[in-house]
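Colleague: Here you go, entry26.pdb (PDB, C-alpha atoms):
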```pdb
ATOM      1  CA  MET Y   1     149.969 -26.693 130.528  1.00  0.00           C
ATOM      2  CA  ASP Y   2     146.318 -26.959 130.417  1.00  0.00           C
ATOM      3  CA  ASP Y   3     146.176 -25.340 133.799  1.00  0.00           C
ATOM      4  CA  LYS Y   4     148.303 -22.492 132.624  1.00  0.00           C
ATOM      5  CA  ILE Y   5     146.192 -21.993 129.547  1.00  0.00           C
ATOM      6  CA  LYS Y   6     143.083 -22.037 131.670  1.00  0.00           C
ATOM      7  CA  GLU Y   7     144.608 -19.624 134.085  1.00  0.00           C
ATOM      8  CA  PHE Y   8     145.663 -17.400 131.189  1.00  0.00           C
ATOM      9  CA  GLU Y   9     142.179 -17.640 129.743  1.00  0.00           C
ATOM     10  CA  GLU Y  10     140.640 -16.666 133.089  1.00  0.00           C
ATOM     11  CA  ILE Y  11     143.024 -13.751 133.420  1.00  0.00           C
ATOM     12  CA  CYS Y  12     142.131 -12.621 129.890  1.00  0.00           C
ATOM     13  CA  ASN Y  13     138.435 -13.053 130.630  1.00  0.00           C
ATOM     14  CA  ARG Y  14     138.779 -11.085 133.867  1.00  0.00           C
ATOM     15  CA  ILE Y  15     140.772  -8.308 132.191  1.00  0.00           C
ATOM     16  CA  SER Y  16     138.329  -8.306 129.283  1.00  0.00           C
ATOM     17  CA  LEU Y  17     135.378  -8.189 131.679  1.00  0.00           C
ATOM     18  CA  GLN Y  18     137.000  -5.341 133.634  1.00  0.00           C
ATOM     19  CA  GLU Y  19     137.706  -3.426 130.432  1.00  0.00           C
ATOM     20  CA  LYS Y  20     134.162  -4.129 129.233  1.00  0.00           C
ATOM     21  CA  GLU Y  21     132.752  -2.809 132.513  1.00  0.00           C
ATOM     22  CA  LYS Y  22     135.079   0.157 132.318  1.00  0.00           C
ATOM     23  CA  LEU Y  23     134.048   0.832 128.700  1.00  0.00           C
ATOM     24  CA  GLU Y  24     130.369   0.399 129.590  1.00  0.00           C
ATOM     25  CA  GLU Y  25     130.806   2.761 132.516  1.00  0.00           C
ATOM     26  CA  GLU Y  26     132.542   5.351 130.293  1.00  0.00           C
ATOM     27  CA  LEU Y  27     129.878   4.871 127.619  1.00  0.00           C
ATOM     28  CA  ASN Y  28     127.072   5.242 130.166  1.00  0.00           C
ATOM     29  CA  GLU Y  29     128.716   8.407 131.540  1.00  0.00           C
ATOM     30  CA  LYS Y  30     129.098   9.859 128.037  1.00  0.00           C
ATOM     31  CA  LEU Y  31     125.560   8.833 127.197  1.00  0.00           C
ATOM     32  CA  ALA Y  32     124.249  10.382 130.426  1.00  0.00           C
ATOM     33  CA  ASP Y  33     126.238  13.573 129.731  1.00  0.00           C
ATOM     34  CA  THR Y  34     124.917  13.715 126.159  1.00  0.00           C
ATOM     35  CA  ILE Y  35     121.335  13.097 127.315  1.00  0.00           C
ATOM     36  CA  THR Y  36     121.701  15.730 130.048  1.00  0.00           C
ATOM     37  CA  GLN Y  37     123.175  18.171 127.551  1.00  0.00           C
ATOM     38  CA  ASP Y  38     120.417  17.431 125.013  1.00  0.00           C
ATOM     39  CA  ILE Y  39     117.766  17.824 127.703  1.00  0.00           C
ATOM     40  CA  GLU Y  40     119.328  21.137 128.807  1.00  0.00           C
ATOM     41  CA  GLU Y  41     119.454  22.402 125.209  1.00  0.00           C
ATOM     42  CA  TYR Y  42     115.843  21.326 124.644  1.00  0.00           C
ATOM     43  CA  LYS Y  43     114.806  22.959 127.912  1.00  0.00           C
ATOM     44  CA  ASN Y  44     116.636  26.194 126.901  1.00  0.00           C
ATOM     45  CA  LYS Y  45     114.953  26.151 123.476  1.00  0.00           C
ATOM     46  CA  LEU Y  46     111.550  25.665 125.092  1.00  0.00           C
ATOM     47  CA  GLU Y  47     112.268  28.419 127.603  1.00  0.00           C
ATOM     48  CA  LYS Y  48     113.388  30.776 124.824  1.00  0.00           C
ATOM     49  CA  LYS Y  49     110.320  29.922 122.747  1.00  0.00           C
ATOM     50  CA  TYR Y  50     108.106  30.461 125.799  1.00  0.00           C
ATOM     51  CA  LYS Y  51     109.688  33.869 126.470  1.00  0.00           C
ATOM     52  CA  GLU Y  52     109.281  34.871 122.813  1.00  0.00           C
ATOM     53  CA  GLU Y  53     105.644  33.798 122.830  1.00  0.00           C
ATOM     54  CA  CYS Y  54     105.068  35.656 126.110  1.00  0.00           C
ATOM     55  CA  PHE Y  55     106.698  38.747 124.616  1.00  0.00           C
ATOM     56  CA  GLU Y  56     104.532  38.506 121.482  1.00  0.00           C
ATOM     57  CA  MET Y  57     101.407  37.973 123.575  1.00  0.00           C
ATOM     58  CA  GLN Y  58     102.282  40.959 125.771  1.00  0.00           C
ATOM     59  CA  LYS Y  59     102.970  43.037 122.682  1.00  0.00           C
ATOM     60  CA  GLN Y  60      99.629  42.000 121.143  1.00  0.00           C
ATOM     61  CA  TYR Y  61      97.869  42.665 124.449  1.00  0.00           C
ATOM     62  CA  ASN Y  62      99.369  46.162 124.636  1.00  0.00           C
ATOM     63  CA  ASN Y  63      98.447  46.842 121.004  1.00  0.00           C
ATOM     64  CA  ASN Y  64      94.893  45.703 121.685  1.00  0.00           C
ATOM     65  CA  ILE Y  65      94.648  47.960 124.737  1.00  0.00           C
ATOM     66  CA  ILE Y  66      95.989  50.923 122.762  1.00  0.00           C
ATOM     67  CA  ASN Y  67      93.580  50.220 119.906  1.00  0.00           C
ATOM     68  CA  LEU Y  68      90.658  49.945 122.331  1.00  0.00           C
ATOM     69  CA  GLN Y  69      91.662  53.204 124.008  1.00  0.00           C
ATOM     70  CA  ILE Y  70      91.964  54.954 120.642  1.00  0.00           C
ATOM     71  CA  ASP Y  71      88.583  53.610 119.531  1.00  0.00           C
ATOM     72  CA  ALA Y  72      86.996  54.685 122.809  1.00  0.00           C
ATOM     73  CA  LYS Y  73      88.491  58.171 122.520  1.00  0.00           C
ATOM     74  CA  LYS Y  74      87.300  58.420 118.911  1.00  0.00           C
ATOM     75  CA  LYS Y  75      83.785  57.416 119.955  1.00  0.00           C
ATOM     76  CA  ILE Y  76      83.819  59.892 122.814  1.00  0.00           C
ATOM     77  CA  LEU Y  77      85.105  62.655 120.550  1.00  0.00           C
ATOM     78  CA  THR Y  78      82.523  61.830 117.890  1.00  0.00           C
ATOM     79  CA  GLU Y  79      79.744  61.842 120.480  1.00  0.00           C
ATOM     80  CA  LYS Y  80      81.025  65.107 121.962  1.00  0.00           C
ATOM     81  CA  GLN Y  81      81.119  66.724 118.522  1.00  0.00           C
ATOM     82  CA  LYS Y  82      77.633  65.421 117.768  1.00  0.00           C
ATOM     83  CA  MET Y  83      76.312  66.842 121.043  1.00  0.00           C
ATOM     84  CA  GLN Y  84      78.073  70.163 120.435  1.00  0.00           C
ATOM     85  CA  ASN Y  85      76.605  70.366 116.941  1.00  0.00           C
ATOM     86  CA  GLU Y  86      73.104  69.549 118.212  1.00  0.00           C
ATOM     87  CA  LEU Y  87      73.438  72.134 120.979  1.00  0.00           C
ATOM     88  CA  PHE Y  88      74.768  74.709 118.531  1.00  0.00           C
ATOM     89  CA  GLN Y  89      71.911  74.135 116.063  1.00  0.00           C
ATOM     90  CA  SER Y  90      69.333  74.269 118.854  1.00  0.00           C
ATOM     91  CA  LEU Y  91      70.756  77.541 120.180  1.00  0.00           C
ATOM     92  CA  VAL Y  92      70.972  79.033 116.686  1.00  0.00           C
ATOM     93  CA  CYS Y  93      67.214  78.459 116.336  1.00  0.00           C
ATOM     94  CA  LYS Y  94      66.528  80.005 119.742  1.00  0.00           C
ATOM     95  CA  PHE Y  95      68.735  83.021 118.994  1.00  0.00           C
ATOM     96  CA  LYS Y  96      67.038  83.513 115.630  1.00  0.00           C
ATOM     97  CA  GLU Y  97      63.731  83.662 117.505  1.00  0.00           C
ATOM     98  CA  TYR Y  98      65.260  86.045 120.037  1.00  0.00           C
ATOM     99  CA  CYS Y  99      66.501  88.325 117.239  1.00  0.00           C
ATOM    100  CA  LEU Y 100      62.898  88.821 116.151  1.00  0.00           C
ATOM    101  CA  SER Y 101      61.844  90.051 119.596  1.00  0.00           C
ATOM    102  CA  ASP Y 102      61.465  93.646 120.784  1.00  0.00           C
ATOM    103  CA  GLU Y 103      63.972  92.921 123.550  1.00  0.00           C
ATOM    104  CA  TYR Y 104      66.663  92.152 120.967  1.00  0.00           C
ATOM    105  CA  LYS Y 105      65.824  95.322 119.042  1.00  0.00           C
ATOM    106  CA  LYS Y 106      66.385  97.353 122.225  1.00  0.00           C
ATOM    107  CA  ASP Y 107      69.622  95.473 123.006  1.00  0.00           C
ATOM    108  CA  PHE Y 108      70.835  95.903 119.437  1.00  0.00           C
ATOM    109  CA  THR Y 109      70.115  99.635 119.507  1.00  0.00           C
ATOM    110  CA  LYS Y 110      72.124  99.966 122.753  1.00  0.00           C
ATOM    111  CA  MET Y 111      74.975  97.956 121.261  1.00  0.00           C
ATOM    112  CA  TYR Y 112      74.993 100.062 118.117  1.00  0.00           C
ATOM    113  CA  LYS Y 113      74.992 103.330 120.090  1.00  0.00           C
ATOM    114  CA  TYR Y 114      77.864 102.015 122.225  1.00  0.00           C
ATOM    115  CA  THR Y 115      79.779 101.101 119.052  1.00  0.00           C
ATOM    116  CA  LYS Y 116      79.245 104.621 117.703  1.00  0.00           C
ATOM    117  CA  THR Y 117      80.558 106.062 120.984  1.00  0.00           C
ATOM    118  CA  PHE Y 118      83.599 103.811 120.645  1.00  0.00           C
ATOM    119  CA  LEU Y 119      84.128 105.096 117.108  1.00  0.00           C
ATOM    120  CA  GLU Y 120      83.785 108.824 117.853  1.00  0.00           C
ATOM    121  CA  ASN Y 121      86.463 110.763 116.035  1.00  0.00           C
ATOM    122  CA  GLN Y 122      87.560 107.550 114.245  1.00  0.00           C
ATOM    123  CA  SER Y 123      87.487 106.980 110.519  1.00  0.00           C
ATOM    124  CA  GLY Y 124      87.892 104.048 108.173  1.00  0.00           C
ATOM    125  CA  TYR Y 125      85.654 101.694 110.140  1.00  0.00           C
ATOM    126  CA  ILE Y 126      82.990  99.511 108.631  1.00  0.00           C
ATOM    127  CA  ILE Y 127      80.107  98.321 110.777  1.00  0.00           C
ATOM    128  CA  GLY Y 128      78.769  94.914 109.774  1.00  0.00           C
ATOM    129  CA  VAL Y 129      75.210  93.896 110.629  1.00  0.00           C
ATOM    130  CA  VAL Y 130      72.804  91.282 109.334  1.00  0.00           C
ATOM    131  CA  LYS Y 131      70.094  92.277 106.877  1.00  0.00           C
ATOM    132  CA  GLN Y 132      67.226  92.145 109.390  1.00  0.00           C
ATOM    133  CA  ASP Y 133      69.058  94.586 111.707  1.00  0.00           C
ATOM    134  CA  ILE Y 134      69.257  97.262 108.995  1.00  0.00           C
ATOM    135  CA  GLN Y 135      65.640  98.206 109.698  1.00  0.00           C
ATOM    136  CA  ASN Y 136      66.563  98.696 113.377  1.00  0.00           C
ATOM    137  CA  LEU Y 137      69.193 101.180 112.233  1.00  0.00           C
ATOM    138  CA  GLU Y 138      66.764 103.298 110.192  1.00  0.00           C
ATOM    139  CA  GLN Y 139      65.908 105.169 113.333  1.00  0.00           C
ATOM    140  CA  ILE Y 140      69.581 105.830 114.125  1.00  0.00           C
ATOM    141  CA  GLU Y 141      71.404 108.540 112.265  1.00  0.00           C
ATOM    142  CA  ASP Y 142      74.824 107.496 111.300  1.00  0.00           C
ATOM    143  CA  ASN Y 143      77.783 108.439 109.183  1.00  0.00           C
ATOM    144  CA  TYR Y 144      79.673 105.112 109.102  1.00  0.00           C
ATOM    145  CA  ASP Y 145      79.899 102.619 106.281  1.00  0.00           C
ATOM    146  CA  LEU Y 146      77.571  99.684 106.783  1.00  0.00           C
ATOM    147  CA  GLU Y 147      78.128  96.197 105.472  1.00  0.00           C
ATOM    148  CA  ILE Y 148      75.484  93.505 105.365  1.00  0.00           C
ATOM    149  CA  LEU Y 149      76.811  90.302 106.905  1.00  0.00           C
ATOM    150  CA  PRO Y 150      75.825  86.815 105.730  1.00  0.00           C
ATOM    151  CA  ASP Y 151      72.727  85.404 107.465  1.00  0.00           C
ATOM    152  CA  LYS Y 152      74.792  82.890 109.457  1.00  0.00           C
ATOM    153  CA  TYR Y 153      75.814  85.704 111.825  1.00  0.00           C
ATOM    154  CA  ILE Y 154      72.212  85.820 113.188  1.00  0.00           C
ATOM    155  CA  GLY Y 155      72.607  89.230 114.867  1.00  0.00           C
ATOM    156  CA  GLY Y 156      75.053  91.506 116.638  1.00  0.00           C
ATOM    157  CA  ILE Y 157      77.745  93.777 115.234  1.00  0.00           C
ATOM    158  CA  LEU Y 158      81.028  93.184 113.464  1.00  0.00           C
ATOM    159  CA  LEU Y 159      83.357  96.179 113.465  1.00  0.00           C
ATOM    160  CA  LYS Y 160      86.394  96.298 111.216  1.00  0.00           C
ATOM    161  CA  ASN Y 161      88.987  98.499 109.625  1.00  0.00           C
ATOM    162  CA  LYS Y 162      92.130  97.640 107.707  1.00  0.00           C
ATOM    163  CA  ASN Y 163      94.019  96.774 110.923  1.00  0.00           C
ATOM    164  CA  MET Y 164      91.536  94.890 113.092  1.00  0.00           C
ATOM    165  CA  VAL Y 165      88.211  93.097 113.384  1.00  0.00           C
ATOM    166  CA  ILE Y 166      85.986  93.165 116.453  1.00  0.00           C
ATOM    167  CA  ASP Y 167      83.409  90.442 116.053  1.00  0.00           C
ATOM    168  CA  ASN Y 168      80.561  90.759 118.531  1.00  0.00           C
ATOM    169  CA  THR Y 169      78.035  88.770 116.579  1.00  0.00           C
ATOM    170  CA  ILE Y 170      75.782  86.192 118.174  1.00  0.00           C
ATOM    171  CA  TYR Y 171      77.033  83.495 115.805  1.00  0.00           C
ATOM    172  CA  THR Y 172      80.713  84.012 116.638  1.00  0.00           C
ATOM    173  CA  ASN Y 173      80.097  84.281 120.384  1.00  0.00           C
ATOM    174  CA  LEU Y 174      77.954  81.138 120.291  1.00  0.00           C
ATOM    175  CA  LYS Y 175      80.620  79.215 118.340  1.00  0.00           C
ATOM    176  CA  GLU Y 176      83.338  80.278 120.777  1.00  0.00           C
ATOM    177  CA  SER Y 177      81.159  79.340 123.760  1.00  0.00           C
ATOM    178  CA  ILE Y 178      80.315  75.882 122.462  1.00  0.00           C
ATOM    179  CA  TYR Y 179      83.428  74.877 120.535  1.00  0.00           C
ATOM    180  CA  GLY Y 180      85.936  76.917 122.517  1.00  0.00           C
ATOM    181  CA  THR Y 181      88.072  78.209 119.662  1.00  0.00           C
ATOM    182  CA  GLU Y 182      87.842  80.799 116.985  1.00  0.00           C
ATOM    183  CA  GLY Y 183      89.184  78.222 114.541  1.00  0.00           C
ATOM    184  CA  ASN Y 184      85.651  76.897 114.061  1.00  0.00           C
ATOM    185  CA  ASN Y 185      84.272  80.223 112.863  1.00  0.00           C
TER     186      ASN Y 185
END
```
Could you show the structure in this file as structure tokens?
Modeller:
Amino acid sequence: MDDKIKEFEEICNRISLQEKEKLEEELNEKLADTITQDIEEYKNKLEKKYKEECFEMQKQYNNNIINLQIDAKKKILTEKQKMQNELFQSLVCKFKEYCLSDEYKKDFTKMYKYTKTFLENQSGYIIGVVKQDIQNLEQIEDNYDLEILPDKYIGGILLKNKNMVIDNTIYTNLKESIYGTEGNN
């Protein structure tokens, strides 16, 4: 009987050992699957975080580029406006000097006579000139209404009636030449 008990014990030990190995194998497989799954999830989270950070960095990079471009354009525009203003002021001074010359007086007289020819048989027109040009007109007989323009106009003639304005003043022509629009006048 002892032999049978021993044999039974060995069989139980063998079966138990086989089941233990089988359980360990199943446990190791489950553990390996869980670890693999956890590693995959962690890897996916890291990849997602990396993509989000890359996206944010790209977004910030693009914003920085846009801001730099805007700042550069603002600086260029500011510098352009500064240069235009300096040029305009310099030319205003030169034209004021020119308006004191005999050459301007001759040119103004021609312009005024041409304007009068344009206005022949017309009524309701007002001819605008700057104060210093009035003395040039003393020699010219005329039957049109005269208006003294503000000093900013420097010289030239502004012709107007109730329907239109023809501005051929030095100031307006200079503004249009430098700034390119009548909106600055």
Colleague: Y:Ile134, Y:Ile5, Y:Ile154, Y:Leu17: which is nearest Leu91 (chain Y), counting all atoms listed in the file?
Modeller: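 Among the listed residues, Y:Ile154 lies closest to Leu91 (chain Y).
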Colleague: Find the distance between CA of Lys113 (chain Y) and CA of Ile127 (chain Y) and write it in Å to one decimal.
Modeller: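 CA of Ile127 (chain Y) lies at a distance of 11.7 Å from CA of Lys113 (chain Y).
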Colleague: Give as a count of residues only the residues that the PyMOL selection byres ((chain Y and resi 112) around 12) matches when applied to the coordinates above.
Modeller: 36
Colleague: Could you check how far CA of Leu149 (chain Y) sits from CA of Asn173 (chain Y), in Å to one decimal?
Modeller: 15.1 Å
Colleague: Tell me which of Y:Val92, Y:Leu100, Y:Ile148, Y:Ile15 sits closest to Tyr171 (chain Y), counting all atoms listed in the file.
Modeller: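 The answer is Y:Val92, which sits nearest to Tyr171 (chain Y).
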Colleague: Mind giving me the axis-aligned box for region 153-163 of chain Y with 4 Å on every side, centre plus edges in Å to one decimal, as JSON?
Modeller:
```
{"center_x": 83.1, "center_y": 92.1, "center_z": 112.2, "size_x": 29.8, "size_y": 20.8, "size_z": 16.9}
```
Colleague: Quick one: distance from CA of Asp33 (chain Y) to CA of Lys20 (chain Y) in Å, one decimal?
Modeller: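 Spanning CA of Asp33 (chain Y) to CA of Lys20 (chain Y) is a straight-line distance of 19.4 Å.
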Colleague: Of the candidates Y:Ile126, Y:Gln89, Y:Thr78, Y:Asp102, which shows the shortest atom-to-atom distance to Ile166 (chain Y), using only C-alpha atoms?
Modeller: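 Comparing Y:Ile126, Y:Gln89, Y:Thr78, Y:Asp102 against Ile166 (chain Y), the winner is Y:Ile126.
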Colleague: I'd like to know which of Y:Thr34, Y:Ser16, Y:Gln81, Y:Asn62 is closest to Gly180 (chain Y), using all atoms listed in the file.
Modeller: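 Nearest to Gly180 (chain Y): Y:Gln81.
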Colleague: Excluding Tyr179 (chain Y) and any residue of its chain fewer than 4 positions from it, enumerate the residues within 12 Å of it, using all atoms listed in the file, and give them as an MDAnalysis selection string.
Modeller: chainID Y and resid 80:88 171:175 183:185
